[in-house]
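The next block is protein.cif, given as mmCIF, C-alpha atoms.
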```cif
data_final
loop_
_atom_site.group_PDB
_atom_site.id
_atom_site.type_symbol
_atom_site.label_atom_id
_atom_site.label_comp_id
_atom_site.auth_asym_id
_atom_site.auth_seq_id
_atom_site.Cartn_x
_atom_site.Cartn_y
_atom_site.Cartn_z
ATOM 1 C CA MET A 56 -18.012 5.732 -19.177
ATOM 2 C CA PRO A 57 -19.344 6.876 -15.825
ATOM 3 C CA PRO A 58 -16.750 7.429 -13.138
ATOM 4 C CA MET A 59 -17.302 5.707 -9.805
ATOM 5 C CA THR A 60 -17.358 7.567 -6.526
ATOM 6 C CA PRO A 61 -14.667 6.612 -3.994
ATOM 7 C CA ALA A 62 -17.248 4.568 -2.056
ATOM 8 C CA GLU A 63 -18.290 2.758 -5.246
ATOM 9 C CA CYS A 64 -14.631 2.055 -6.068
ATOM 10 C CA LEU A 65 -14.005 0.494 -2.655
ATOM 11 C CA ALA A 66 -17.198 -1.572 -2.906
ATOM 12 C CA PHE A 67 -16.142 -2.749 -6.384
ATOM 13 C CA MET A 68 -12.706 -3.737 -5.042
ATOM 14 C CA ALA A 69 -14.295 -5.641 -2.162
ATOM 15 C CA GLU A 70 -16.663 -7.682 -4.390
ATOM 16 C CA GLY A 71 -15.803 -11.323 -4.940
ATOM 17 C CA ALA A 72 -12.139 -12.253 -4.796
ATOM 18 C CA PRO A 73 -10.308 -10.359 -7.540
ATOM 19 C CA THR A 74 -6.540 -10.281 -7.432
ATOM 20 C CA GLY A 75 -5.168 -6.757 -7.248
ATOM 21 C CA ILE A 76 -2.096 -5.402 -8.971
ATOM 22 C CA LEU A 77 0.133 -3.555 -6.520
ATOM 23 C CA ALA A 78 2.441 -0.905 -7.947
ATOM 24 C CA THR A 79 5.496 0.243 -5.994
ATOM 25 C CA VAL A 80 8.561 2.342 -6.800
ATOM 26 C CA ARG A 81 11.967 0.724 -7.284
ATOM 27 C CA ALA A 82 15.142 2.392 -5.985
ATOM 28 C CA ASP A 83 15.937 3.657 -9.507
ATOM 29 C CA GLY A 84 12.475 5.274 -9.736
ATOM 30 C CA SER A 85 11.046 2.726 -12.150
ATOM 31 C CA PRO A 86 7.698 1.072 -11.433
ATOM 32 C CA HIS A 87 7.262 -2.444 -10.095
ATOM 33 C CA ALA A 88 3.866 -4.168 -10.366
ATOM 34 C CA ALA A 89 2.815 -7.534 -8.957
ATOM 35 C CA PRO A 90 -0.433 -9.402 -8.244
ATOM 36 C CA VAL A 91 -1.571 -9.541 -4.616
ATOM 37 C CA TRP A 92 -4.375 -10.818 -2.429
ATOM 38 C CA PHE A 93 -5.920 -8.006 -0.398
ATOM 39 C CA LEU A 94 -8.866 -6.874 1.728
ATOM 40 C CA VAL A 95 -10.731 -3.584 1.917
ATOM 41 C CA GLU A 96 -11.285 -2.746 5.572
ATOM 42 C CA ALA A 97 -13.918 -0.492 7.106
ATOM 43 C CA GLY A 98 -12.900 3.092 6.486
ATOM 44 C CA GLY A 99 -11.270 2.244 3.153
ATOM 45 C CA THR A 100 -7.846 1.049 4.288
ATOM 46 C CA ILE A 101 -6.491 -1.718 2.062
ATOM 47 C CA ILE A 102 -4.508 -4.524 3.716
ATOM 48 C CA LEU A 103 -2.237 -7.140 2.205
ATOM 49 C CA ASN A 104 0.894 -8.979 3.171
ATOM 50 C CA THR A 105 4.178 -9.599 1.411
ATOM 51 C CA GLY A 106 7.611 -10.888 2.245
ATOM 52 C CA SER A 107 9.965 -8.284 3.650
ATOM 53 C CA GLY A 108 12.697 -9.446 1.252
ATOM 54 C CA THR A 109 10.560 -9.314 -1.892
ATOM 55 C CA ALA A 110 10.804 -6.463 -4.368
ATOM 56 C CA LYS A 111 7.450 -5.196 -3.034
ATOM 57 C CA GLY A 112 8.640 -5.345 0.561
ATOM 58 C CA ARG A 113 11.960 -3.622 -0.138
ATOM 59 C CA ASN A 114 10.291 -0.957 -2.261
ATOM 60 C CA LEU A 115 7.647 -0.195 0.379
ATOM 61 C CA ARG A 116 10.236 0.067 3.166
ATOM 62 C CA ARG A 117 12.175 2.609 1.126
ATOM 63 C CA ASP A 118 9.271 4.548 -0.408
ATOM 64 C CA GLY A 119 5.972 4.434 1.442
ATOM 65 C CA ARG A 120 3.773 5.049 -1.585
ATOM 66 C CA ALA A 121 1.773 2.452 -3.490
ATOM 67 C CA ALA A 122 -1.131 2.029 -5.870
ATOM 68 C CA LEU A 123 -3.511 -0.904 -6.092
ATOM 69 C CA VAL A 124 -5.569 -1.559 -9.228
ATOM 70 C CA VAL A 125 -8.454 -4.002 -9.541
ATOM 71 C CA ASP A 126 -10.259 -4.637 -12.799
ATOM 72 C CA ASP A 127 -13.178 -6.657 -14.079
ATOM 73 C CA PRO A 128 -11.895 -8.346 -17.258
ATOM 74 C CA ALA A 129 -15.405 -9.145 -18.544
ATOM 75 C CA PRO A 130 -17.392 -6.773 -20.717
ATOM 76 C CA PRO A 131 -18.375 -4.048 -20.199
ATOM 77 C CA PHE A 132 -15.087 -3.783 -18.193
ATOM 78 C CA SER A 133 -14.603 -1.742 -15.028
ATOM 79 C CA PHE A 134 -11.648 -0.806 -12.883
ATOM 80 C CA ALA A 135 -10.775 0.948 -9.648
ATOM 81 C CA ARG A 136 -7.498 2.295 -8.312
ATOM 82 C CA VAL A 137 -6.351 3.348 -4.867
ATOM 83 C CA ASP A 138 -3.226 5.456 -4.459
ATOM 84 C CA GLY A 139 -1.974 5.816 -0.933
ATOM 85 C CA GLU A 140 0.540 6.074 1.821
ATOM 86 C CA VAL A 141 1.712 2.790 3.281
ATOM 87 C CA GLU A 142 2.036 1.725 6.911
ATOM 88 C CA LEU A 143 4.036 -1.453 7.567
ATOM 89 C CA SER A 144 3.844 -3.805 10.539
ATOM 90 C CA GLU A 145 5.752 -6.929 11.518
ATOM 91 C CA HIS A 146 3.720 -7.504 14.691
ATOM 92 C CA ALA A 147 3.077 -11.276 14.860
ATOM 93 C CA ASP A 148 -0.548 -11.087 16.038
ATOM 94 C CA GLU A 149 -1.478 -8.473 13.424
ATOM 95 C CA LEU A 150 0.212 -10.475 10.660
ATOM 96 C CA LEU A 151 -1.567 -13.711 11.568
ATOM 97 C CA ASP A 152 -4.963 -12.022 11.887
ATOM 98 C CA ALA A 153 -4.655 -10.171 8.586
ATOM 99 C CA ALA A 154 -3.227 -13.155 6.688
ATOM 100 C CA THR A 155 -6.068 -15.353 7.950
ATOM 101 C CA ARG A 156 -8.777 -12.847 6.976
ATOM 102 C CA ILE A 157 -7.228 -12.351 3.548
ATOM 103 C CA ALA A 158 -6.959 -16.128 3.076
ATOM 104 C CA ALA A 159 -10.646 -16.539 3.944
ATOM 105 C CA ARG A 160 -11.502 -14.257 1.027
ATOM 106 C CA TYR A 161 -9.396 -16.130 -1.501
ATOM 107 C CA MET A 162 -9.289 -19.721 -0.234
ATOM 108 C CA GLY A 163 -12.565 -19.874 1.704
ATOM 109 C CA PRO A 164 -13.177 -20.184 5.432
ATOM 110 C CA GLU A 165 -12.286 -23.867 5.471
ATOM 111 C CA ARG A 166 -8.658 -23.111 4.466
ATOM 112 C CA ALA A 167 -8.266 -19.681 6.058
ATOM 113 C CA ASP A 168 -6.348 -20.912 9.118
ATOM 114 C CA GLU A 169 -3.998 -23.002 6.974
ATOM 115 C CA TYR A 170 -3.088 -20.094 4.703
ATOM 116 C CA GLY A 171 -3.066 -17.612 7.575
ATOM 117 C CA ARG A 172 -0.437 -19.714 9.375
ATOM 118 C CA ARG A 173 1.525 -20.030 6.124
ATOM 119 C CA ASN A 174 1.445 -16.315 5.267
ATOM 120 C CA GLY A 175 1.356 -14.644 8.705
ATOM 121 C CA VAL A 176 4.866 -15.577 9.785
ATOM 122 C CA PRO A 177 8.109 -13.808 10.713
ATOM 123 C CA GLY A 178 9.682 -12.295 7.629
ATOM 124 C CA GLU A 179 6.317 -11.126 6.302
ATOM 125 C CA LEU A 180 5.029 -7.559 6.343
ATOM 126 C CA LEU A 181 1.474 -6.441 6.964
ATOM 127 C CA VAL A 182 0.884 -3.601 4.516
ATOM 128 C CA ARG A 183 -1.841 -1.030 5.144
ATOM 129 C CA ILE A 184 -2.549 1.338 2.279
ATOM 130 C CA HIS A 185 -4.219 4.509 3.533
ATOM 131 C CA PRO A 186 -5.887 6.016 0.450
ATOM 132 C CA THR A 187 -4.953 9.490 -0.719
ATOM 133 C CA ARG A 188 -6.786 9.120 -4.047
ATOM 134 C CA ILE A 189 -9.490 6.683 -5.160
ATOM 135 C CA THR A 190 -10.640 6.553 -8.783
ATOM 136 C CA GLY A 191 -12.465 4.183 -11.061
ATOM 137 C CA THR A 192 -14.748 3.754 -14.029
ATOM 138 C CA ARG A 193 -17.609 1.337 -14.507
ATOM 139 C CA GLY A 194 -18.654 0.121 -17.953
ATOM 140 C CA VAL A 195 -15.629 1.205 -19.991
ATOM 141 C CA ALA A 196 -17.019 -0.492 -23.116
ATOM 142 C CA ASP A 197 -20.580 0.843 -22.734
#
```

Take the structure from the file and write it as structure tokens.
Amino acid sequence: MPPMTPAECLAFMAEGAPTGILATVRADGSPHAAPVWFLVEAGGTIILNTGSGTAKGRNLRRDGRAALVVDDPAPPFSFARVDGEVELSEHADELLDAATRIAARYMGPERADEYGRRNGVPGELLVRIHPTRITGTRGVAD
């Protein structure tokens, strides 16, 4: 099971359109995990958006740490994880831009504007995960 370098992990996460699993910390210290759409930006920052009133949004406002895991469920199985510090923004232009770019990845360019306008609205948070640790393994079953 060869480990991936941080650059290989980010490239793996950026391939195709896999859903990530975002882990945050609840107020009682227990973990919370939920699927998210995301993008890997130049420099390795991960962006996603979520509602400010969701468990993810509340958790990230209180505790600015998160982890994002992406896996390939097909043999020989691979995964990558980014742990990081979170920066939040509610700036309308940033939200719309990010939501539209994320939507293009998952829904295609023909529906990007539609989903960007749906997801880049007041009440949403733009989440930037600045990696502090990047790990992954390719070919777990090899």

For the structure shown, which residues end up in the PyMOL selection byres ((chain A and resi 113-115) around 9)? Put them as a list in words, please?
->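 On this input, the PyMOL selection byres ((chain A and resi 113-115) around 9) captures Thr79, Val80, Arg81, Ala82, His87, Gly106, Ser107, Gly108, Thr109, Ala110, Lys111, Gly112, Arg116, Arg117, Asp118, Gly119, Arg120, Ala121, Val141, Glu142, Leu143 and Val182 of chain A.
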
Specify the axis-aligned box that encloses all atoms of range 120-126 of chain A listed in the file after padding of 4 Å on each side, stating its centre and edge lengths in Å to one decimal as AutoDock Vina command-line options.
```
--center_x -3.2 --center_y 0.2 --center_z -7.2 --size_x 22.0 --size_y 17.7 --size_z 19.2
```

Among listed residues A:Gly99, A:Val124, A:Gly194, A:Glu70, nearest Arg160 in chain A (using only C-alpha atoms) | A:Glu70

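Nearest to Ile102 in chain A of all the residues A:Cys64, A:Ala89, A:Ile184, A:Met56 is A:Ile184, based on all atoms listed in the file.
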
Pick from A:Asp83, A:Asp152, A:Glu179, A:Asp138, whichever lies nearest to Ala167 in chain A using only C-alpha atoms |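 Closest residue, counting only C-alpha atoms: A:Asp152.
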